[in-house]
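**Q** Pasting a structure here, questions to come.
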Amino acid sequence: MSLDKSMLKSVCTLNDPKDLKKRLKNLYTFLFHKHRRKTLFVLGILVIWYIFCLPRPLFDTPTSLVLQDAKGQLLGARIAKDGQWRFPTIDSLPQNFITALLEFEDRRFYRHWGVDPRSLTRAVIQNLRNGEIVSGGSTLSMQVIRMARGRKRRNIWQKGIEMILATRLEWGYNKDEILKIYASQAPFGGNVVGLETASWRYFGKSPALLSWAEAAVLAVLPNSPALLHPNRNRDALLAKRNRLLQRLLDNKKIDSLTYELALEESLPDRPHPLPRLAPHLLDRAYLEKAAGKLKTGSRINTSLDAFLQQKVSAMVARHQQQLSGNGIHNAAALVLDVPSGEVRAYVGNVLEAGDEHGAAVDIITAPRSTGSILKPILYALSLQEGVILPESLLPDIPTRMKGYQPENFHEQFDGAISAKRALIRSLNVPIVRLLQSYGLEKFHFELKKLGLHSINKPASHYGLPLVLGGAESSLWETTNMYACMARMLKHVYPYDGQYDPDDFRPATYLIDTKDPGKVKLQDEAPRLSAGAVWHTFEAMQAVERPNSEGQWKAFPSRQRIAWKTGTSFGFRDAWAIGVNPRYAVGVWAGNADGEGRPNLVGVKAAAPLLFDIFSLLHSVDDRDKDWFLVPYDDMKEIAVCAQSGYRATAYCQRDTSFVPLGSLKAKACPYHQLLHLDQTAEWQVNSSCYPVDQIVHKPWFVLPPLEAFYFKKKSPDYQEAPPLKPGCAGDNDQKIMQLIYPKYATRIYVPLDLNGELSRTVFEVAHRRAEATIHWHIDQEYVQSTQHFHSLEINPGVGQHMLTLVDEFGNRLEQKFEILKKE
């Protein structure tokens, strides 16, 4: 289709208005009657182009990763991939900035449809008068289009395209959205893009806190972003700002007092650094987003509390400064909200430690040796499975298991100690023996169910040291595990004794906006039972540690906190984790490179910081005053043996105790026996050597010889069972003697002394009656006799030997061993 040029010319050069209607009618006939299909086709193409003419997306420039707290306060940001500080589209604009911007750029913004004819006319007149382009007449919508299209040449053709696209922009977006897009994409000098970025970089504050003077500066700056420079153009920028303030005053947008105060404000000298309140969490979010694990936009709204984050960060930094004198350079702390599982504070490390000490390492996610942190979990599982009752006695004696020899931190033994007291004192030997009774494979399996995914090797890889720090876990996983236990226990009464499997779930640093829906409760505990956790938390409130004199010292607290410390082998990691119904707090101190230091122990290096954080939490939130209610629905009162803590038998002095329902499977007391004594109660007798009618039957608390050997040192009131009367033959199965070393058939490596001879080996035995005389023999040759203190230093020589011990009552004990020379 081609239009008659004469027809167009006659329409365009029409001099007689009376002929206008006729000429237009002819044009209409030509287009829509003679060439109707072609005209409609062309119009359709133009409409389709107009509909899809906007760039999609409007802006495809990379944005900075922005981290915010639960209230929207900036925690930190990472620069965009193109080297620009460009925040994602702002959520809301301050009214003073909108007012200043519209006054300066586009007064009729809310009245035009993307193109302002009055502004264009004014711009044409100004440009003609000045003989050059001094005004473009662009609306904010046209400026958005120009920024979206990139750097195009400035000419009439491009201006026409901008006008068309601006009308399309107004069709697809409302006015407020266009303002937000402009404010987020406008250049503000250097590599600063967007109002929010400019507000933080130039004034160190959120846009919502901008003053009128500051808003005026940012309103005029995109028009000439090069004006903001520390050493030049400052007078020109100041003049532009003041002229805008004058216009605002003249148009009654601000009052005279506001105007006068605004004039007194100075321009920013140089860009401010962006906040770095949670740098390690920012790095973590960046890596998780890059790996596809974090499904969010570039603006990440976290669950953190910026005020609490600052306070905890300062506490960690002060604490690390004190530890640095001992060569301890790193520390971390994590605060979780128990009800929601959300993070309230995340201090991954101390920035002041410097790059040379690994300050950039996020300790919270780094797997570290757990030390004793897992002991309460074994205690709870053992209660739940009925392996023990809360006060059941556990052996605390020299122990060797398949080449592994656990030692208590203070290198002493109690002989026998209650499971609760063993946890309170964090004793290693009784806990390892408890793990052997519970089952290594089962404990390993349960830890993974509780969320410790860093324990990713088979149970055989860790062995029994698993409970003492033989495995690694992160502060993130471990603190959350205790938070889940507290959440479950907190829900016992609201859920009428039932369990919500979702109580044990991963922690999150994002605000959880999902509707939880209907809670699916079940009768059986999916992880740990309420009764077992309650007893565990009760024990964790009464932590004791030995002082410099070796005496046990309790750690009182003004708050009720269930807490546990841990120290890894070689003094490389110090842990402290505490929990109450409101918060779970995890603390770690040490060196990121794994260097061990003297006195790097949990109770000294981590626990003080733990208590400081809980004091802070208590001061800002007093909702943690209440303690966990006793879960009576998951407990039952039973008779227990007062001395051993096991289920009572007919021979025990009885007491009562509320125990978890799972503990009802616990065995009866193995220590109380019914002894048959003579009239003096000095000898055990039987019918073969004593009149039956004169035998006295008496219950007696009897420990094995080795346990009794150490137990009576700490419990002077312990009475050994009387020995079997000489001449009495019978089935007395009580052990009279028990070797302390060597307890089993042992290969002993003996070093050479300076004189080239073999060093002496110390042999030791426990006897039920310490005053008894024991005769020592090596390879059937008499060596020596001992009384009261049954230990002997001898040098049997290299090779295999037989140790034979015979007491004054004729009791005999034999043990093979082998001496090897250690060069």
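Going through the structure tokens in order, the chains are called A, B, and so on, while each chain numbers its residues from 1 and the ligands are numbered from 1 in the order shown.
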Find the residues near Asp362 of chain A: any atom within 7 Å, counting only C-alpha atoms, skip ones fewer than 2 places away on the same chain, and give them as a ChimeraX atom specification.
**A** /A:280,348-349,360,364-366
**Q** Generate the output file for the selected residues, C-alpha atoms, as a compact mmCIF listing (two decimals), in the first residue's frame.
**A**
# COMPACT_ATOMS: atom_id res chain seq x y z
CA HIS A 280 30.02 -13.80 58.28
CA GLY A 348 30.80 -15.92 63.25
CA ASN A 349 34.18 -14.58 64.36
CA ALA A 360 37.21 -14.30 57.89
CA ILE A 364 29.55 -21.09 63.42
CA THR A 365 29.39 -23.39 60.38
CA ALA A 366 32.88 -24.88 60.74
**Q** Show me, as a compact mmCIF listing (two decimals) with C-alpha atoms, in the first residue's frame, the residues that have an atom within 7 Å of segment 199-207 of chain A when counting only C-alpha atoms, minus same-chain residues fewer than 3 positions from it.
**A**
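New file selection-v9.txt:
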# COMPACT_ATOMS: atom_id res chain seq x y z
CA PRO A 94 10.46 8.80 52.42
CA LEU A 195 18.62 6.28 46.78
CA GLU A 196 19.07 3.61 49.47
CA LEU A 210 16.91 11.60 55.96
CA PRO A 268 28.81 15.08 53.21
CA ARG A 270 33.23 11.52 51.89
CA PRO A 271 31.36 8.23 51.52
CA HIS A 272 30.66 6.27 54.70
CA PRO A 273 31.44 2.54 54.90
CA LEU A 274 28.32 0.42 54.86
**Q** Looking only at the backbone, which of the residues in segment 114-362 of chain A does DSSP tag as strand (DSSP E), as a list in words?
**A**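 Here are the strand (DSSP E) residues of segment 114-362 of chain A: Val192, Val193, Arg299, Ile300, Asn301, Asn330, Ala331, Ala332, Ala333, Leu334, Val335, Leu336, Asp337, Val343, Arg344, Ala345, Tyr346 and Val347 of chain A.
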**Q** Please determine, counting only C-alpha atoms, which residue among A:Gln68, A:Asn174, A:Asn599, A:Gln643 has the shortest atom-to-atom distance to Thr302 of chain A.
**A**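 So, comparing all the options, the nearest one is A:Gln68.
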**Q** Quick one: distance from atom CA of Pro494 of chain A to atom CA of Glu637 of chain A in Å, one decimal?
**A** 22.7 Å
**Q** Set out as a tab-separated table a contact list for segment 633-713 of chain A and segment 379-382 of chain A with a cut-off of 10 Å, giving each residue of segment 633-713 of chain A that qualifies its closest atom pair and distance in Å to one decimal, counting only C-alpha atoms, ordered by chain and rising residue number.
**A**
residue	atom	partner	partner_atom	distance
A:Pro660	CA	A:Ala380	CA	9.8
A:Gly662	CA	A:Ser382	CA	9.1
A:Ser663	CA	A:Ser382	CA	8.2
A:Ala666	CA	A:Ser382	CA	9.6
**Q** Which residue is closest to Ala422 of chain A? Choose from A:Asp807, A:Glu391, A:Asp512, A:Glu538 and count only C-alpha atoms.
**A**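 Using only C-alpha atoms, Ala422 of chain A sits closest to A:Glu391.
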**Q** Check the smallest atom-to-atom distance from each of A:Thr746, A:Gln684, A:Thr99, A:Gln126 to Leu724 of chain A using only C-alpha atoms, then report the winner.
**A** A:Gln684
**Q** Of the candidates A:Val361, A:Ala766, A:Met147, A:Leu336, which one gets nearest to Val579 of chain A if we count only C-alpha atoms?
**A** A:Leu336
**Q** Rounded to one decimal place, report the atom CA of Lys252 of chain A-atom CA of Glu103 of chain A distance in Å.
**A** 11.3 Å
**Q** Assign secondary structure with DSSP using the backbone only, and return the residues of segment 166-312 of chain A in alpha helix (DSSP H) as a ChimeraX atom specification.
**A** /A:166-172,175-185,195-203,212-220,234-250,256-264,279-290,306-312
**Q** Residues near Ile377 of chain A, anyone? I mean within 12 Å using only C-alpha atoms, not counting same-chain ones fewer than 6 positions away, as number ranges by chain.
**A** A: 383-384, 423, 431, 434-435, 438, 443-444, 446-450, 452, 466-468, 478, 481-482, 485, 527-529, 532-537, 539-540, 564
**Q** I need the residues from that last selection saved to file as a CSV table (one decimal), in the first residue's frame (with N, CA and C atoms), if you can.
**A**
chain,number,residue,atom,x,y,z
A,383,LEU,N,18.5,-42.6,79.7
A,383,LEU,CA,17.3,-42.5,80.5
A,383,LEU,C,16.0,-43.0,79.7
A,384,GLN,N,16.0,-42.5,78.4
A,384,GLN,CA,14.8,-42.9,77.6
A,384,GLN,C,14.8,-44.4,77.3
A,423,LEU,N,27.5,-36.5,85.0
A,423,LEU,CA,27.2,-35.4,84.0
A,423,LEU,C,27.5,-34.1,84.6
A,431,ILE,N,31.1,-41.8,81.7
A,431,ILE,CA,30.3,-41.6,80.5
A,431,ILE,C,30.7,-42.5,79.4
A,434,LEU,N,29.2,-45.7,80.1
A,434,LEU,CA,27.8,-45.7,79.9
A,434,LEU,C,27.5,-45.8,78.4
A,435,LEU,N,28.4,-45.2,77.5
A,435,LEU,CA,28.2,-45.3,76.1
A,435,LEU,C,28.4,-46.8,75.7
A,438,TYR,N,25.1,-48.4,76.5
A,438,TYR,CA,24.0,-48.0,75.6
A,438,TYR,C,24.2,-48.5,74.2
A,443,PHE,N,24.0,-44.8,69.5
A,443,PHE,CA,24.3,-43.4,69.8
A,443,PHE,C,24.6,-42.6,68.6
A,444,HIS,N,25.4,-43.2,67.7
A,444,HIS,CA,25.8,-42.6,66.5
A,444,HIS,C,24.6,-42.3,65.6
A,446,GLU,N,21.4,-42.0,66.6
A,446,GLU,CA,20.6,-41.0,67.2
A,446,GLU,C,21.1,-39.6,67.0
A,447,LEU,N,22.4,-39.4,67.1
A,447,LEU,CA,23.0,-38.1,66.9
A,447,LEU,C,22.7,-37.6,65.5
A,448,LYS,N,22.7,-38.4,64.5
A,448,LYS,CA,22.4,-38.0,63.2
A,448,LYS,C,20.9,-37.6,63.1
A,449,LYS,N,20.1,-38.4,63.8
A,449,LYS,CA,18.6,-38.1,63.8
A,449,LYS,C,18.4,-36.7,64.4
A,450,LEU,N,19.2,-36.3,65.4
A,450,LEU,CA,19.1,-35.1,66.1
A,450,LEU,C,19.6,-33.9,65.3
A,452,LEU,N,22.9,-33.7,63.7
A,452,LEU,CA,24.4,-33.5,63.7
A,452,LEU,C,24.9,-34.2,62.4
A,466,LEU,N,33.7,-41.0,70.6
A,466,LEU,CA,32.7,-40.1,70.0
A,466,LEU,C,32.0,-39.2,71.0
A,467,VAL,N,31.8,-39.7,72.3
A,467,VAL,CA,31.1,-38.8,73.3
A,467,VAL,C,32.1,-37.9,73.9
A,468,LEU,N,33.4,-38.0,73.7
A,468,LEU,CA,34.3,-37.1,74.4
A,468,LEU,C,35.0,-36.1,73.4
A,478,THR,N,24.9,-27.9,66.7
A,478,THR,CA,24.9,-28.3,68.1
A,478,THR,C,24.0,-27.4,68.9
A,481,MET,N,20.4,-28.3,68.2
A,481,MET,CA,20.0,-29.5,68.8
A,481,MET,C,19.4,-29.2,70.2
A,482,TYR,N,20.1,-28.4,71.0
A,482,TYR,CA,19.6,-28.1,72.3
A,482,TYR,C,18.4,-27.2,72.3
A,485,MET,N,15.4,-29.5,71.7
A,485,MET,CA,15.1,-30.2,72.9
A,485,MET,C,14.2,-29.3,73.8
A,527,ARG,N,12.1,-38.2,68.8
A,527,ARG,CA,13.5,-38.1,69.0
A,527,ARG,C,13.8,-38.4,70.5
A,528,LEU,N,13.6,-37.5,71.4
A,528,LEU,CA,13.8,-37.6,72.8
A,528,LEU,C,12.5,-37.4,73.5
A,529,SER,N,12.3,-38.1,74.6
A,529,SER,CA,11.1,-38.0,75.4
A,529,SER,C,11.2,-36.8,76.3
A,532,ALA,N,13.0,-37.5,79.7
A,532,ALA,CA,14.4,-37.6,79.6
A,532,ALA,C,15.1,-36.3,79.5
A,533,VAL,N,14.5,-35.4,78.7
A,533,VAL,CA,15.1,-34.1,78.5
A,533,VAL,C,15.0,-33.2,79.7
A,534,TRP,N,13.8,-33.3,80.5
A,534,TRP,CA,13.7,-32.6,81.7
A,534,TRP,C,14.7,-33.0,82.7
A,535,HIS,N,15.0,-34.3,82.9
A,535,HIS,CA,16.0,-34.7,83.8
A,535,HIS,C,17.4,-34.2,83.4
A,536,THR,N,17.6,-34.3,82.1
A,536,THR,CA,18.9,-33.8,81.6
A,536,THR,C,19.1,-32.3,81.8
A,537,PHE,N,18.1,-31.5,81.6
A,537,PHE,CA,18.2,-30.1,81.8
A,537,PHE,C,18.4,-29.8,83.3
A,539,ALA,N,20.0,-31.7,85.5
A,539,ALA,CA,21.4,-32.0,85.7
A,539,ALA,C,22.3,-30.9,85.2
A,540,MET,N,21.9,-30.3,84.0
A,540,MET,CA,22.8,-29.3,83.4
A,540,MET,C,22.7,-28.0,84.1
A,564,LYS,N,26.2,-26.6,79.3
A,564,LYS,CA,27.3,-27.6,79.3
A,564,LYS,C,28.5,-27.0,78.6
